[in-house]
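Printed here is data08.csv (CSV, C-alpha atoms):
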chain,number,residue,atom,x,y,z
A,1,MET,CA,0.0,0.0,0.0
A,2,ASP,CA,1.1,3.6,-0.8
A,3,LYS,CA,2.3,5.9,2.0
A,4,LYS,CA,-0.3,8.3,3.2
A,5,ILE,CA,0.2,12.0,2.9
A,6,TYR,CA,-0.6,14.4,5.7
A,7,LEU,CA,-1.4,17.9,4.2
A,8,TYR,CA,-0.6,20.9,6.3
A,9,GLY,CA,-1.2,23.8,4.0
A,10,LEU,CA,-0.9,25.2,0.5
A,11,ILE,CA,1.5,28.1,-0.4
A,12,PRO,CA,2.1,29.9,-3.7
A,13,ALA,CA,4.9,28.2,-5.6
A,14,ALA,CA,6.6,31.5,-6.2
A,15,GLU,CA,6.9,32.1,-2.5
A,16,ALA,CA,8.0,28.5,-1.8
A,17,ASP,CA,10.8,28.9,-4.5
A,18,GLN,CA,12.0,32.1,-2.9
A,19,GLN,CA,12.3,30.8,0.6
A,20,PRO,CA,13.2,27.2,1.5
A,21,LEU,CA,10.9,25.4,4.0
A,22,PRO,CA,12.2,25.6,7.6
A,23,SER,CA,13.0,22.2,9.0
A,24,VAL,CA,10.0,20.8,11.0
A,25,GLU,CA,9.4,17.4,12.4
A,26,GLY,CA,6.5,15.5,10.8
A,27,PHE,CA,3.2,14.4,12.3
A,28,ASP,CA,4.6,11.0,13.3
A,29,GLY,CA,7.7,12.5,15.0
A,30,GLU,CA,10.0,10.7,12.6
A,31,GLY,CA,9.9,12.2,9.2
A,32,LYS,CA,10.1,15.8,8.2
A,33,LEU,CA,7.8,18.2,6.4
A,34,TYR,CA,8.6,18.7,2.8
A,35,THR,CA,7.2,20.6,-0.2
A,36,PHE,CA,5.3,19.0,-3.0
A,37,PRO,CA,4.9,21.2,-6.1
A,38,ILE,CA,1.7,20.9,-8.1
A,39,ASP,CA,1.7,23.5,-10.9
A,40,ASP,CA,1.7,27.0,-9.3
A,41,ILE,CA,0.8,25.6,-5.9
A,42,THR,CA,3.1,24.1,-3.4
A,43,ALA,CA,1.7,21.7,-0.9
A,44,VAL,CA,3.4,21.3,2.5
A,45,VAL,CA,3.1,17.7,3.5
A,46,CYS,CA,4.7,14.8,5.4
A,47,ASP,CA,4.6,11.1,4.9
A,48,LEU,CA,2.7,8.7,7.2
A,49,ASP,CA,2.8,5.0,7.5
A,50,PRO,CA,-0.4,3.6,5.9
A,51,ASN,CA,-0.9,0.9,8.5
A,52,GLU,CA,-0.2,3.0,11.6
A,53,TYR,CA,-2.4,5.9,10.3
A,54,ALA,CA,-5.5,4.1,9.0
A,55,GLU,CA,-8.7,5.9,9.6
A,56,GLU,CA,-9.8,3.5,12.4
A,57,SER,CA,-6.5,3.8,14.2
A,58,ILE,CA,-6.6,7.6,14.2
A,59,GLU,CA,-10.2,7.5,15.5
A,60,GLN,CA,-9.1,5.0,18.1
A,61,LYS,CA,-6.3,7.3,19.3
A,62,ILE,CA,-8.5,10.3,19.5
A,63,ASN,CA,-11.0,8.3,21.5
A,64,ASN,CA,-8.6,6.8,23.9
A,65,ASP,CA,-5.4,8.8,24.0
A,66,LEU,CA,-6.0,12.4,25.0
A,67,GLU,CA,-2.4,13.2,25.3
A,68,TRP,CA,-2.0,12.1,21.7
A,69,LEU,CA,-4.8,14.4,20.6
A,70,GLN,CA,-3.4,17.3,22.4
A,71,LYS,CA,0.1,16.8,21.3
A,72,LYS,CA,-0.9,16.4,17.6
A,73,ALA,CA,-3.3,19.3,17.7
A,74,PHE,CA,-0.5,21.5,19.0
A,75,HIS,CA,1.9,20.0,16.4
A,76,HIS,CA,-0.5,20.9,13.6
A,77,HIS,CA,-1.0,24.4,15.0
A,78,GLU,CA,2.7,25.0,15.5
A,79,ALA,CA,3.6,23.8,12.0
A,80,LEU,CA,0.9,26.1,10.5
A,81,THR,CA,2.0,29.0,12.6
A,82,LEU,CA,5.5,28.6,11.2
A,83,LEU,CA,4.2,28.4,7.7
A,84,TYR,CA,2.0,31.4,8.3
A,85,ASN,CA,5.0,33.5,9.5
A,86,ASN,CA,6.9,32.7,6.4
A,87,TYR,CA,4.4,32.5,3.5
A,88,THR,CA,0.9,33.2,2.3
A,89,VAL,CA,-0.7,30.0,3.4
A,90,ILE,CA,-4.0,28.2,3.1
A,91,PRO,CA,-4.1,26.1,6.3
A,92,LEU,CA,-5.7,22.7,6.2
A,93,LYS,CA,-7.8,21.3,9.0
A,94,PHE,CA,-6.4,19.0,11.6
A,95,CYS,CA,-5.8,15.5,10.2
A,96,THR,CA,-6.3,16.1,6.5
A,97,ILE,CA,-4.8,12.9,5.2
A,98,TYR,CA,-4.6,11.6,1.6
A,99,ASN,CA,-4.2,7.9,0.7
A,100,SER,CA,-1.6,8.6,-2.0
A,101,GLU,CA,0.3,11.3,-3.8
A,102,GLU,CA,-2.0,10.9,-6.8
A,103,SER,CA,-5.1,11.7,-4.8
A,104,LEU,CA,-3.5,14.7,-3.3
A,105,GLN,CA,-2.4,15.9,-6.7
A,106,GLN,CA,-5.8,15.3,-8.2
A,107,SER,CA,-7.7,17.1,-5.4
A,108,ILE,CA,-5.5,20.2,-5.7
A,109,LYS,CA,-5.4,20.3,-9.5
A,110,SER,CA,-9.2,20.2,-9.6
A,111,ASN,CA,-9.5,23.1,-7.2
A,112,GLY,CA,-6.7,25.3,-8.6
A,113,ASP,CA,-9.0,28.3,-9.1
A,114,LYS,CA,-10.3,28.3,-5.6
A,115,VAL,CA,-6.8,28.0,-4.2
A,116,GLU,CA,-5.7,31.0,-6.4
A,117,ASN,CA,-8.7,33.0,-5.2
A,118,SER,CA,-7.9,32.2,-1.6
A,119,PHE,CA,-4.3,33.4,-2.0
A,120,GLN,CA,-5.6,36.7,-3.4
A,121,LEU,CA,-8.1,37.1,-0.6
A,122,LEU,CA,-5.4,36.5,2.1
A,123,LYS,CA,-2.9,39.0,0.7
A,124,GLY,CA,-2.8,41.9,3.2
A,125,ASN,CA,-5.6,40.5,5.4
A,126,GLU,CA,-5.5,38.6,8.7
A,127,GLU,CA,-7.9,36.3,10.4
A,128,TRP,CA,-8.9,37.3,14.0
A,129,ASN,CA,-11.3,35.7,16.4
A,130,LEU,CA,-13.6,37.1,19.1
A,131,LYS,CA,-15.1,35.1,21.9
A,132,ILE,CA,-17.5,36.7,24.3
A,133,TYR,CA,-18.0,35.0,27.7
A,134,CYS,CA,-20.8,35.8,30.0
A,135,ASP,CA,-21.0,35.7,33.8
A,136,GLU,CA,-24.7,35.1,33.8
A,137,ASP,CA,-25.3,35.8,37.5
A,138,GLN,CA,-24.0,39.3,37.0
A,139,LEU,CA,-25.9,40.0,33.8
A,140,LYS,CA,-29.0,38.5,35.4
A,141,GLN,CA,-28.8,41.0,38.2
A,142,GLN,CA,-28.6,43.8,35.8
A,143,VAL,CA,-31.5,42.4,33.7
A,144,SER,CA,-33.6,41.8,36.8
A,145,GLN,CA,-33.1,45.5,37.9
A,146,ASN,CA,-33.3,47.3,34.6
A,147,ASN,CA,-35.6,45.4,32.4
A,148,THR,CA,-39.0,47.1,31.7
A,149,THR,CA,-40.9,43.9,31.0
A,150,ILE,CA,-39.8,42.5,34.3
A,151,GLU,CA,-40.5,45.8,36.1
A,152,GLU,CA,-44.1,45.8,34.8
A,153,LYS,CA,-44.6,42.2,35.8
A,154,ARG,CA,-43.4,43.0,39.3
A,155,LYS,CA,-45.9,45.8,39.6
A,156,GLU,CA,-48.7,43.6,38.3
A,157,ILE,CA,-47.9,41.0,41.0
A,158,LYS,CA,-48.0,43.5,43.8
A,159,GLU,CA,-51.7,44.0,43.0
A,160,LEU,CA,-52.5,40.4,43.2
A,161,PRO,CA,-53.8,38.5,46.3
A,162,PRO,CA,-50.9,37.0,48.3
A,163,GLY,CA,-51.7,33.4,47.3
A,164,ARG,CA,-51.3,34.1,43.7
A,165,GLN,CA,-48.2,36.3,44.2
A,166,PHE,CA,-46.2,33.2,45.2
A,167,PHE,CA,-46.9,31.4,41.9
A,168,GLU,CA,-46.4,34.6,39.8
A,169,ARG,CA,-43.0,35.2,41.4
A,170,LYS,CA,-42.0,31.7,40.3
A,171,LYS,CA,-43.0,32.7,36.8
A,172,ILE,CA,-40.9,35.8,37.0
A,173,ASP,CA,-37.8,33.8,37.5
A,174,HIS,CA,-38.5,32.1,34.2
A,175,LEU,CA,-39.1,35.5,32.6
A,176,ILE,CA,-35.8,36.8,33.8
A,177,GLU,CA,-34.0,33.8,32.2
A,178,LYS,CA,-35.7,34.6,28.9
A,179,GLU,CA,-34.9,38.2,29.1
A,180,LEU,CA,-31.3,37.3,30.0
A,181,ASP,CA,-30.8,35.4,26.8
A,182,LYS,CA,-32.4,38.1,24.8
A,183,GLU,CA,-30.2,40.8,26.4
A,184,LYS,CA,-27.1,38.6,25.9
A,185,ASP,CA,-27.9,38.2,22.2
A,186,ARG,CA,-28.6,41.8,21.8
A,187,LEU,CA,-25.3,42.9,23.4
A,188,CYS,CA,-23.2,40.4,21.5
A,189,ASP,CA,-25.0,41.1,18.2
A,190,HIS,CA,-24.4,44.8,18.7
A,191,ILE,CA,-20.7,44.3,19.3
A,192,HIS,CA,-20.4,42.1,16.2
A,193,GLU,CA,-22.2,44.7,14.0
A,194,GLN,CA,-19.7,47.3,15.2
A,195,LEU,CA,-16.7,45.1,14.6
A,196,LYS,CA,-17.9,43.9,11.2
A,197,THR,CA,-17.3,47.4,9.8
A,198,TYR,CA,-13.6,46.8,10.1
A,199,ALA,CA,-13.6,43.5,8.3
A,200,VAL,CA,-13.5,42.4,4.7
A,201,GLN,CA,-15.5,39.3,5.7
A,202,ALA,CA,-17.0,38.2,9.0
A,203,ASP,CA,-18.8,35.1,10.3
A,204,VAL,CA,-20.5,33.9,13.4
A,205,LYS,CA,-19.4,30.5,14.6
A,206,LYS,CA,-20.7,27.9,17.0
A,207,ASN,CA,-20.3,28.5,20.8
A,208,TRP,CA,-18.6,25.8,22.8
A,209,GLY,CA,-20.1,24.5,26.0
A,210,LYS,CA,-18.7,25.0,29.5
A,211,ASP,CA,-17.7,21.3,29.6
A,212,VAL,CA,-15.4,21.9,26.7
A,213,THR,CA,-14.0,25.3,27.6
A,214,GLY,CA,-13.5,24.4,31.2
A,215,LEU,CA,-14.6,27.9,32.2
A,216,LYS,CA,-17.1,29.0,34.7
A,217,GLU,CA,-18.6,31.5,32.3
A,218,ASN,CA,-20.7,30.6,29.3
A,219,MET,CA,-19.4,31.2,25.8
A,220,SER,CA,-22.0,33.6,24.4
A,221,TRP,CA,-20.5,34.5,21.1
A,222,ASN,CA,-17.8,33.1,18.8
A,223,SER,CA,-17.0,35.1,15.6
A,224,VAL,CA,-14.3,35.4,13.1
A,225,TYR,CA,-13.1,38.4,11.1
A,226,LEU,CA,-10.9,38.8,8.1
A,227,LEU,CA,-9.2,42.2,8.7
A,228,PRO,CA,-6.9,44.3,6.5
A,229,VAL,CA,-3.6,44.5,8.4
A,230,ALA,CA,-3.9,48.3,8.7
A,231,LYS,CA,-7.2,48.0,10.5
A,232,VAL,CA,-6.2,45.5,13.2
A,233,GLU,CA,-5.1,48.1,15.7
A,234,ALA,CA,-8.4,50.0,15.4
A,235,PHE,CA,-10.4,46.7,15.6
A,236,LEU,CA,-8.6,45.8,18.8
A,237,ALA,CA,-9.1,49.3,20.2
A,238,LYS,CA,-12.8,48.9,19.4
A,239,VAL,CA,-12.9,45.6,21.2
A,240,GLU,CA,-11.4,47.3,24.2
A,241,SER,CA,-13.7,50.2,24.2
A,242,GLU,CA,-16.8,48.0,23.7
A,243,GLU,CA,-15.7,46.0,26.7
A,244,LYS,CA,-15.3,49.1,28.9
A,245,GLY,CA,-18.7,50.2,27.9
A,246,LEU,CA,-20.1,46.9,29.1
A,247,ASP,CA,-18.7,47.3,32.6
A,248,GLY,CA,-20.8,45.6,35.1
A,249,SER,CA,-22.8,43.5,32.6
A,250,GLY,CA,-20.7,40.3,33.2
A,251,LEU,CA,-19.6,40.1,29.6
A,252,ARG,CA,-16.0,39.6,28.8
A,253,LEU,CA,-14.5,40.0,25.3
A,254,GLU,CA,-11.6,37.9,24.2
A,255,ALA,CA,-9.9,38.7,20.9
A,256,SER,CA,-7.2,36.4,19.6
A,257,GLY,CA,-5.1,36.4,16.4
A,258,PRO,CA,-3.7,36.6,13.9
A,259,TRP,CA,-4.5,33.0,13.1
A,260,PRO,CA,-3.6,31.2,9.9
A,261,ALA,CA,-6.8,31.7,7.8
A,262,TYR,CA,-8.5,28.4,8.6
A,263,HIS,CA,-11.9,30.0,8.3
A,264,PHE,CA,-11.6,32.3,5.3
A,265,SER,CA,-9.6,30.2,3.0
A,266,SER,CA,-10.6,27.0,1.4
A,267,PHE,CA,-10.1,24.9,-1.6
A,268,SER,CA,-13.0,22.5,-1.7
B,1,MET,CA,4.2,51.5,25.0
B,2,SER,CA,3.4,48.3,23.2
B,3,SER,CA,0.5,48.2,20.7
B,4,LEU,CA,-2.7,46.4,21.4
B,5,ARG,CA,-1.8,44.0,18.7
B,6,GLU,CA,1.4,43.0,20.5
B,7,THR,CA,-0.4,42.6,23.8
B,8,VAL,CA,-3.0,40.3,22.2
B,9,GLU,CA,-0.5,38.4,20.1
B,10,ASN,CA,1.6,37.6,23.2
B,11,LYS,CA,-1.4,36.3,25.2
B,12,GLU,CA,-1.4,32.6,25.9
B,13,VAL,CA,-4.0,30.7,23.9
B,14,GLY,CA,-5.6,27.6,25.3
B,15,LEU,CA,-6.2,24.2,23.7
B,16,ILE,CA,-9.8,25.2,23.1
B,17,ASP,CA,-8.8,28.2,21.1
B,18,ILE,CA,-6.5,26.1,19.0
B,19,LEU,CA,-9.1,23.3,18.4
B,20,ASP,CA,-11.7,25.9,17.6
B,21,VAL,CA,-9.6,27.2,14.7
B,22,ILE,CA,-7.9,24.1,13.5
B,23,LEU,CA,-11.2,22.3,13.3
B,24,ASP,CA,-13.0,25.4,12.1
B,25,LYS,CA,-15.4,24.4,9.5
B,26,GLY,CA,-16.0,20.9,10.8
B,27,VAL,CA,-17.3,22.4,14.0
B,28,ALA,CA,-19.3,25.2,12.4
B,29,ILE,CA,-21.2,23.3,9.7
B,30,LYS,CA,-22.5,20.1,11.1
B,31,GLY,CA,-22.4,17.6,13.9
B,32,ASP,CA,-20.1,15.2,12.2
B,33,LEU,CA,-16.6,16.6,12.0
B,34,ILE,CA,-15.2,16.1,8.6
B,35,ILE,CA,-11.5,16.2,9.1
B,36,SER,CA,-10.8,16.0,5.5
B,37,ILE,CA,-11.7,17.3,2.1
B,38,ALA,CA,-13.2,14.8,-0.2
B,39,GLY,CA,-14.5,11.3,-0.6
B,40,VAL,CA,-13.1,8.0,0.2
B,41,ASP,CA,-9.5,8.7,0.8
B,42,LEU,CA,-9.8,11.0,3.7
B,43,VAL,CA,-10.2,10.6,7.4
B,44,TYR,CA,-13.6,11.3,9.0
B,45,LEU,CA,-14.0,11.8,12.7
B,46,ASP,CA,-17.1,12.0,14.7
B,47,LEU,CA,-17.4,15.4,16.4
B,48,ARG,CA,-19.1,14.0,19.4
B,49,VAL,CA,-16.1,11.8,20.0
B,50,LEU,CA,-13.8,14.7,19.8
B,51,ILE,CA,-15.9,16.9,22.0
B,52,ALA,CA,-16.1,14.1,24.6
B,53,SER,CA,-12.3,13.8,24.4
B,54,VAL,CA,-11.8,17.5,25.1
B,55,GLU,CA,-14.3,17.4,28.0
B,56,THR,CA,-12.3,14.7,29.6
B,57,LEU,CA,-9.1,16.6,28.9
B,58,VAL,CA,-10.5,19.7,30.6
B,59,GLN,CA,-11.6,17.7,33.6
B,60,SER,CA,-8.2,16.1,33.9
B,61,TYR,CA,-6.7,19.6,33.9
B,62,GLU,CA,-9.1,20.7,36.6
B,63,ASN,CA,-7.9,17.8,38.8
B,64,ASP,CA,-4.3,18.4,38.0
B,65,GLN,CA,-3.4,22.0,38.2
B,66,SER,CA,0.3,21.3,37.6
B,67,GLY,CA,0.0,21.6,33.8
B,68,VAL,CA,2.0,23.9,31.7
B,69,THR,CA,1.5,27.5,32.7
B,70,SER,CA,3.6,30.5,31.8
B,71,ASP,CA,4.4,30.8,35.5
B,72,ASN,CA,6.0,27.4,35.8
B,73,PHE,CA,7.6,27.9,32.4
B,74,ASP,CA,9.2,31.1,33.7
B,75,GLU,CA,10.3,29.3,36.8
B,76,GLN,CA,12.0,26.5,34.8
B,77,ARG,CA,13.6,29.1,32.5
B,78,ARG,CA,15.2,30.8,35.5
B,79,GLU,CA,16.4,27.5,36.9
B,80,LEU,CA,18.0,26.7,33.5
B,81,VAL,CA,19.7,30.1,33.4
B,82,ASP,CA,21.1,29.5,36.9
B,83,ALA,CA,22.2,26.0,36.1
B,84,THR,CA,24.0,27.0,32.9
B,85,GLY,CA,25.5,30.2,34.3
B,86,GLN,CA,24.7,31.7,30.9
B,87,PRO,CA,23.6,35.3,30.8
B,88,ASN,CA,19.9,35.7,30.7
B,89,LYS,CA,18.9,37.0,27.3
B,90,TRP,CA,15.2,37.0,28.2
B,91,THR,CA,14.3,39.9,30.3
B,92,ASP,CA,11.9,39.2,33.2
Can the structure from this file be put into structure tokens for me?
Amino acid sequence: MDKKIYLYGLIPAAEADQQPLPSVEGFDGEGKLYTFPIDDITAVVCDLDPNEYAEESIEQKINNDLEWLQKKAFHHHEALTLLYNNYTVIPLKFCTIYNSEESLQQSIKSNGDKVENSFQLLKGNEEWNLKIYCDEDQLKQQVSQNNTTIEEKRKEIKELPPGRQFFERKKIDHLIEKELDKEKDRLCDHIHEQLKTYAVQADVKKNWGKDVTGLKENMSWNSVYLLPVAKVEAFLAKVESEEKGLDGSGLRLEASGPWPAYHFSSFS
Amino acid sequence: MSSLRETVENKEVGLIDILDVILDKGVAIKGDLIISIAGVDLVYLDLRVLIASVETLVQSYENDQSGVTSDNFDEQRRELVDATGQPNKWTD
């Protein structure tokens, strides 16, 4: 059976010719990364043993060997960061593995235009991420004190006979929860709309649960922006000022970047 | 004074930040994480499996606080500097 090929990223051949690839250890810790030219595109890859890296065995590892997952995820990230620092790069997702050189070649050749478009898009632009975390107890307090819907409900309850007040108060807790979610979405959405104005492209991604982040706060927003390099500083200043403006609301903004453009580049 | 950019760039990123980006589209689009591009010759992984793995990982961190932090990295670096007697080219 052929060797398998782990694909890290794609770089323009002209850039690859100008600057030799730095020496980086491969995914298996034995081989090295090397370049694989396909027309005007240079793929950065490493070889993998076909038996050791069969689909089932990778899945098995991810299932049972967390250290392995963590080590390899970091390896992938570090290799791409190095490429990103040296070239215009289309990063591939973790564990993009081809069964043979031919299938790699074929897949890249048939997507040549998309690759070229991505290279053009990435020139002079950077990918940045924003996550918003929410201390819900704190925001709940604010909502509970300042929300007109809840205020009105409270007034209504005061007029009721004592027996009914008890049940209506229970309902108000439920109402607060609902208003909390609304308020959270409203605040995050407002921030996103502001930040979008700096970006060439922007997207909202999925939030991760507390179990995954290991944080006490909930992730309330996860978005990604493709920013012209010259606008990054202003974007970050806006993040900072938006956060200051939210003081006391329990929302915390966390920007990170620049990342290799995992989100805004693609070739399939 | 350093720029905001430098400050953010030098901030430590966690495993979740890295997984969030390196798995980007797999996570964003559907439940099953497609860690690959096309058809038969690529590796597919189940997102639920991966999420479960990360959950366990986070829990094991919570139980064991002696993981890699910039503090203990700094401490180790100082020890190395002392041990080698080399001048410290990193400023504290």
Got a sec to pull out which chain A residues are within 9 Å of chain B, counting only C-alpha atoms, and send them as number ranges by chain?
A: 54-56, 58-59, 62-67, 69-70, 73-74, 76-77, 91-100, 103, 107, 129, 204-206, 208, 210-214, 232-233, 236-237, 255-263, 267-268
Write the residues of the preceding selection, restricted to C-alpha atoms, as a CSV table (one decimal), in the frame of the given file.
chain,number,residue,atom,x,y,z
A,54,ALA,CA,-5.5,4.1,9.0
A,55,GLU,CA,-8.7,5.9,9.6
A,56,GLU,CA,-9.8,3.5,12.4
A,58,ILE,CA,-6.6,7.6,14.2
A,59,GLU,CA,-10.2,7.5,15.5
A,62,ILE,CA,-8.5,10.3,19.5
A,63,ASN,CA,-11.0,8.3,21.5
A,64,ASN,CA,-8.6,6.8,23.9
A,65,ASP,CA,-5.4,8.8,24.0
A,66,LEU,CA,-6.0,12.4,25.0
A,67,GLU,CA,-2.4,13.2,25.3
A,69,LEU,CA,-4.8,14.4,20.6
A,70,GLN,CA,-3.4,17.3,22.4
A,73,ALA,CA,-3.3,19.3,17.7
A,74,PHE,CA,-0.5,21.5,19.0
A,76,HIS,CA,-0.5,20.9,13.6
A,77,HIS,CA,-1.0,24.4,15.0
A,91,PRO,CA,-4.1,26.1,6.3
A,92,LEU,CA,-5.7,22.7,6.2
A,93,LYS,CA,-7.8,21.3,9.0
A,94,PHE,CA,-6.4,19.0,11.6
A,95,CYS,CA,-5.8,15.5,10.2
A,96,THR,CA,-6.3,16.1,6.5
A,97,ILE,CA,-4.8,12.9,5.2
A,98,TYR,CA,-4.6,11.6,1.6
A,99,ASN,CA,-4.2,7.9,0.7
A,100,SER,CA,-1.6,8.6,-2.0
A,103,SER,CA,-5.1,11.7,-4.8
A,107,SER,CA,-7.7,17.1,-5.4
A,129,ASN,CA,-11.3,35.7,16.4
A,204,VAL,CA,-20.5,33.9,13.4
A,205,LYS,CA,-19.4,30.5,14.6
A,206,LYS,CA,-20.7,27.9,17.0
A,208,TRP,CA,-18.6,25.8,22.8
A,210,LYS,CA,-18.7,25.0,29.5
A,211,ASP,CA,-17.7,21.3,29.6
A,212,VAL,CA,-15.4,21.9,26.7
A,213,THR,CA,-14.0,25.3,27.6
A,214,GLY,CA,-13.5,24.4,31.2
A,232,VAL,CA,-6.2,45.5,13.2
A,233,GLU,CA,-5.1,48.1,15.7
A,236,LEU,CA,-8.6,45.8,18.8
A,237,ALA,CA,-9.1,49.3,20.2
A,255,ALA,CA,-9.9,38.7,20.9
A,256,SER,CA,-7.2,36.4,19.6
A,257,GLY,CA,-5.1,36.4,16.4
A,258,PRO,CA,-3.7,36.6,13.9
A,259,TRP,CA,-4.5,33.0,13.1
A,260,PRO,CA,-3.6,31.2,9.9
A,261,ALA,CA,-6.8,31.7,7.8
A,262,TYR,CA,-8.5,28.4,8.6
A,263,HIS,CA,-11.9,30.0,8.3
A,267,PHE,CA,-10.1,24.9,-1.6
A,268,SER,CA,-13.0,22.5,-1.7
One decimal, in Å: what's the spacing between atom CA of Cys134 of chain A and atom CA of Asp173 of chain A?
18.7 Å
For Glu242 of chain A: contacts at 12 Å, all atoms listed in the file, fewer than 5 positions along chain excluded, given as a PyMOL selection string:
chain A and resi 132+187-188+190-195+234-237+247+249+251-255
Mind giving me the straight-line distance from atom CA of Leu175 of chain A to atom CA of Gln138 of chain A in Å, one decimal?
16.2 Å
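Going from atom CA of Ala43 of chain A to atom CA of Ala230 of chain A covers 28.8 Å.
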